[in-house]
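Reading through the structure tokens given below for one structure.
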Amino acid sequence: MTIAPTPTPPTIETAGAGARGWRRVLGVAFRHPVVVPVGAVVVALLIGAAIMLSAGLNPLEAYSAVVSGALDPDSLDYTISVWGFICGMAVAAAIPLRMGEFNMGGNGQMVLGGVTAAVIAGQLGLPGIIAVPLAVVGAVIVSGAFGALSAPLATRFGIPIIISTLLLSPVAVAVVSYLVRYPLAEQGSAVAQTPRLPADSRMPGLGDFSYSTWGLILIIAVMVIFWLVDSRAAVGFELRTVGANRRFASYGGVRVGRLAFGAMATGAAAAGLVGAIIVLSPPYRLIDGALTSPGYTFAGLAAALLAGGRPALIPVTGILFTVLQVGGAAMERTADVPRQLSDVLQGVVIVVLALRTIIDQRRTERSSA
């Protein structure tokens with residue numbers, strides 16, 4: 001008859017080692033890149049739920065109305081087009097973000113692209129086969145040149161890009177508003193808008209869709225190019241290196257000023273492309289405030305921050321903010337919750353992710369000092 005060995009009780013040393021192992025595992029898990037973005041979304045949803053509960057509303061009913069409203073087959077065409085615009089503005093923010101810069105001037109860059117497209121496609125009398133591509137190219141050039149101004153302001157005069165883009169954007173919006181209200185205004189219209197574009201100077205639609213046009217294909221192409229450059233080109237590696245440690249990149253021979261010029265010009269060009277596509281799509285005109293009021297810049301910035309600037313994640317994070325934006329109207333109709341709550345949720349996500357970015361940058365600066 002054999003006697004089973006008596007199990008050895010855990011000692012303090014083994015218990016301490018086990019606790020240290022769990023702490024190590026949890027530490028690695030919490031440092032995973034996905035944790036902070038997911039946590040930001042969860043915090044935003046919890047804050048939104050708390051606001052609704054304090055007002056005596058049902059958050060589950062409101063959130064389900066957001067999702068069902070955005071994915072309603074009757075509004076799917078509009079939802080897809082909004083997704084494209086948000087992704088385009090996310091690219092405009094993500095390209096500078098890869099090198100640690102914040103492009104806050106998306107509104108100004110977008111409206112400059114829109115007014116350029118409206119003038120080329122609607123005022124010059126060109127045939128449609130020339131007018132549409134030329135309007136897109138012109139919008140990209142004008143907006144890109146405007147956005148590039150922030151780079152020399154930063155390198156030569158010490159004005160941070162986040163500040164210069166934030167201050168220059170309202171100037172561009174005001175100038176475009178003046179142009180739409182006076183020199184380019186449709187005569188006899190009670191609304192500040194340009195005349196309707198000629199039939200042959202409009203962006204062709206995608207199949208039976210009315211809102212989604214070939215501009216969506218252009219935005220998807222831009223996202224693919226951004227991914228290829230970011231992952232396989234030398235300039236993409238330089239952007240990521242500067243974003244990780246600017247001083248190290250400068251010591252390594254990266255011309256930070258020239259890189260910032262190119263990043264800001266390219267990001268602003270993406271915003272100008274979005275503005276041109278909106279004007280060349282239904283209702284085929286530039287209406288004062290119509291480009292800025294939907295909040296594509298705000299949602300695009302949130303999507304870029306949530307993706308960490310990674311081009312492969314922008315289409316996914318763009319879906320989240322598209323659902324919030326498009327479903328906000330359905331939430332207001334169904335659950336009696338103001339659609340502005342979706343703006344609050346986006347704002348919470350931006351604040352949480354911006355704080356994380358600032359903390360990471362300060363840690364990098366301290367480690368390289």
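Chain labels A, B, ... are given in the sequence in which chains occur in the structure tokens; within each chain residues are numbered consecutively from 1, and ligands are likewise numbered from 1 in the order shown.
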Mind running range 205-231 of chain A against range 75-92 of chain A at 8 Å and telling me each contacting residue's nearest atom pair with the distance in Å (one decimal), counting only C-alpha atoms, chain and number ascending, as CSV?
residue,atom,partner,partner_atom,distance
A:Phe209,CA,A:Asp77,CA,6.0
A:Ser210,CA,A:Asp77,CA,7.1
A:Tyr211,CA,A:Tyr78,CA,5.7
A:Ser212,CA,A:Ser81,CA,4.9
A:Thr213,CA,A:Ser81,CA,7.8
A:Leu216,CA,A:Gly84,CA,5.6
A:Ile219,CA,A:Gly88,CA,5.8
A:Ile220,CA,A:Gly84,CA,7.6
A:Val222,CA,A:Gly88,CA,7.9
A:Met223,CA,A:Val91,CA,7.0
A:Phe226,CA,A:Val91,CA,7.9
**Message:** Let's see if you can do this: from backbone DSSP, list all helix (DSSP H, G or I) residues in range 36-264 of chain A, as a VMD selection string.
**Reply:** chain A and resid 36 to 54 59 to 70 73 to 97 106 to 123 128 to 148 150 to 157 161 to 181 199 to 201 215 to 232 234 to 244 246 to 251 256 to 264
**Asked** Between CA of Leu134 in chain A and CA of Leu112 in chain A, what is the spacing in Å?
**Response**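 So the answer is 14.8 Å.
Distances from A:Ile278, A:Ile287, A:Ala263, A:Leu305 to Ala190 in chain A were compared using only C-alpha atoms, and the smallest one belongs to A:Ile287.
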**Request:** Do a neighbour search on range 166-182 of chain A at 6 Å with only C-alpha atoms, toss out local chain neighbours closer than 6 positions, and write the hits as a PyMOL selection string.
**Result:** chain A and resi 104-105+108+192-193+288
**Message:** Report as a PyMOL selection string all protein, DNA and RNA residues lying within 12 Å of Ser293 in chain A, evaluated on only C-alpha atoms, omitting residues in the same chain fewer than 4 positions from it.
**Reply:** chain A and resi 107+110-111+173+287-289+297-299+325+343
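Interatomic distance, CA of Ile162 in chain A to CA of Gly347 in chain A: 17.0 Å.
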